[in-house]
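**Q** You'll find input.txt just under this line, and it carries compact mmCIF, C-alpha atoms.
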```
# COMPACT_ATOMS: atom_id res chain seq x y z
CA MET M 1 19.36 -4.23 25.91
CA ARG M 2 21.80 -6.79 24.53
CA VAL M 3 20.81 -8.71 21.38
CA THR M 4 22.68 -11.86 20.36
CA ALA M 5 22.08 -13.61 17.04
CA LEU M 6 23.25 -16.98 15.74
CA ALA M 7 23.97 -17.24 12.00
CA SER M 8 23.38 -20.36 9.91
CA ASP M 9 27.16 -20.91 9.69
CA GLY M 10 27.37 -21.12 13.49
CA SER M 11 28.90 -17.70 14.07
CA ARG M 12 27.45 -15.33 16.65
CA GLY M 13 27.10 -11.62 16.88
CA SER M 14 25.99 -9.33 19.69
CA VAL M 15 25.08 -5.70 19.93
CA GLU M 16 24.08 -3.42 22.80
CA LEU M 17 21.12 -1.12 22.24
CA ASN M 18 20.07 1.80 24.38
CA LEU M 19 16.34 2.47 24.16
CA ASN M 20 14.79 5.70 25.36
CA PHE M 21 11.04 5.60 25.80
CA LYS M 22 8.78 8.62 25.96
CA LEU M 23 5.08 9.30 25.68
CA SER M 24 3.68 9.68 22.20
CA SER M 25 2.75 13.14 21.02
CA LEU M 26 0.13 11.81 18.60
CA SER M 27 -3.49 12.83 18.95
CA ASP M 28 -6.20 10.27 19.74
CA ARG M 29 -7.20 10.25 16.07
CA GLU M 30 -3.60 9.69 14.94
CA LEU M 31 -3.18 6.90 17.50
CA ALA M 32 -6.36 5.21 16.27
CA ARG M 33 -5.15 5.47 12.66
CA GLU M 34 -1.76 4.01 13.62
CA LEU M 35 -3.44 1.17 15.52
CA GLU M 36 -5.59 0.38 12.48
CA ARG M 37 -2.49 0.43 10.24
CA ILE M 38 -0.70 -2.02 12.54
CA ARG M 39 -3.74 -4.31 12.72
CA ASN M 40 -4.00 -4.34 8.93
CA ARG M 41 -0.29 -5.09 8.61
CA ASN M 42 -0.56 -7.94 11.12
CA ARG M 43 -3.57 -9.36 9.27
CA ASP M 44 -1.70 -9.18 5.95
CA LEU M 45 1.31 -10.93 7.48
CA GLN M 46 -0.89 -13.67 8.95
CA LEU M 47 -2.54 -14.22 5.57
CA LEU M 48 0.86 -14.37 3.88
CA ILE M 49 2.11 -16.95 6.39
CA GLU M 50 -1.04 -19.02 5.94
CA ARG M 51 -0.74 -18.86 2.12
CA LYS M 52 2.87 -20.02 2.34
CA ARG M 53 1.92 -22.87 4.69
CA ILE M 54 -0.82 -23.99 2.29
CA ASP M 55 1.49 -23.74 -0.73
CA ASP M 56 4.19 -25.75 1.06
CA PHE M 57 1.61 -28.41 1.99
CA ARG M 58 0.32 -28.59 -1.60
CA ASN M 59 3.85 -28.89 -2.98
CA GLN M 60 4.57 -31.69 -0.52
CA GLN M 61 1.37 -33.49 -1.55
CA ARG M 62 2.26 -33.14 -5.25
CA ARG M 63 5.60 -34.83 -4.67
CA GLU M 64 3.96 -37.74 -2.86
CA ILE M 65 1.32 -38.57 -5.48
CA ILE M 66 2.27 -41.18 -8.07
CA ILE M 67 -0.15 -41.54 -11.00
CA GLY M 68 -0.19 -44.32 -13.55
CA PRO M 69 1.51 -47.70 -13.89
CA GLY M 70 5.27 -47.73 -13.76
CA ALA M 71 5.53 -44.13 -12.50
CA GLU M 72 8.74 -43.48 -10.59
CA ALA M 73 8.82 -41.63 -7.29
CA GLU M 74 10.81 -38.41 -7.15
```
Would you mind writing the structure in this file as structure tokens?

**A**
Amino acid sequence: MRVTALASDGSRGSVELNLNFKLSSLSDRELARELERIRNRNRDLQLLIERKRIDDFRNQQRREIIIGPGAEAE
């Protein structure tokens, strides 16, 4: 697999990765526990993203509200 990334300064970098896949040696119980861990992690990440989106929206709204006579916009 070849991965190419573009940096914010416009530079690029590439790397070749060799991946070897094999069947898991985990038991059914261990697989279920791992699946639950991944689901919890995904849920936590989704909540974090949603919190950030809400905070960004609130900050944007705060900047747009002008209260009182003669108030200057930021």

**Q** Which is closest to M:Glu16 among M:Ile38, M:Ile54, M:Leu47, M:Val3, if we use only C-alpha atoms?

**A**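 Nearest to M:Glu16: M:Val3.
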
**Q** Please enclose the listed atoms of stretch 13-23 of chain M in an axis-aligned box, pad each side by 3 Å, and write out the centre and the three edge lengths in Å, rounded to one decimal, as AutoDock Vina command-line options.

**A**
```
--center_x 16.1 --center_y -1.2 --center_z 21.4 --size_x 28.0 --size_y 26.9 --size_z 15.1
```

**Q** Would you be able to write out as a list in words which residues have an atom within 8 Å of (14.4, -1.5, 26.5) in the file's coordinates, counting all atoms listed in the file?

**A**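 Residues lying no farther than 8 Å from the given point: Met1, Leu17, Asn18, Leu19, Asn20 and Phe21 of chain M.
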
**Q** Can you measure atom CA of M:Asp56 to atom CA of M:Arg43 for me? One decimal in Å is fine.

**A**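 Going from atom CA of M:Asp56 over to atom CA of M:Arg43 covers 19.9 Å.
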
**Q** Mind pulling up the distance from atom CA of M:Asp44 to atom CA of M:Ala32?

**A**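 Atom-to-atom, atom CA of M:Ala32 and atom CA of M:Asp44 are spaced 18.3 Å apart.
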
**Q** Between atom CA of M:Arg37 and atom CA of M:Ile49, what distance in Å does the model show, to one decimal?

**A** 18.4 Å
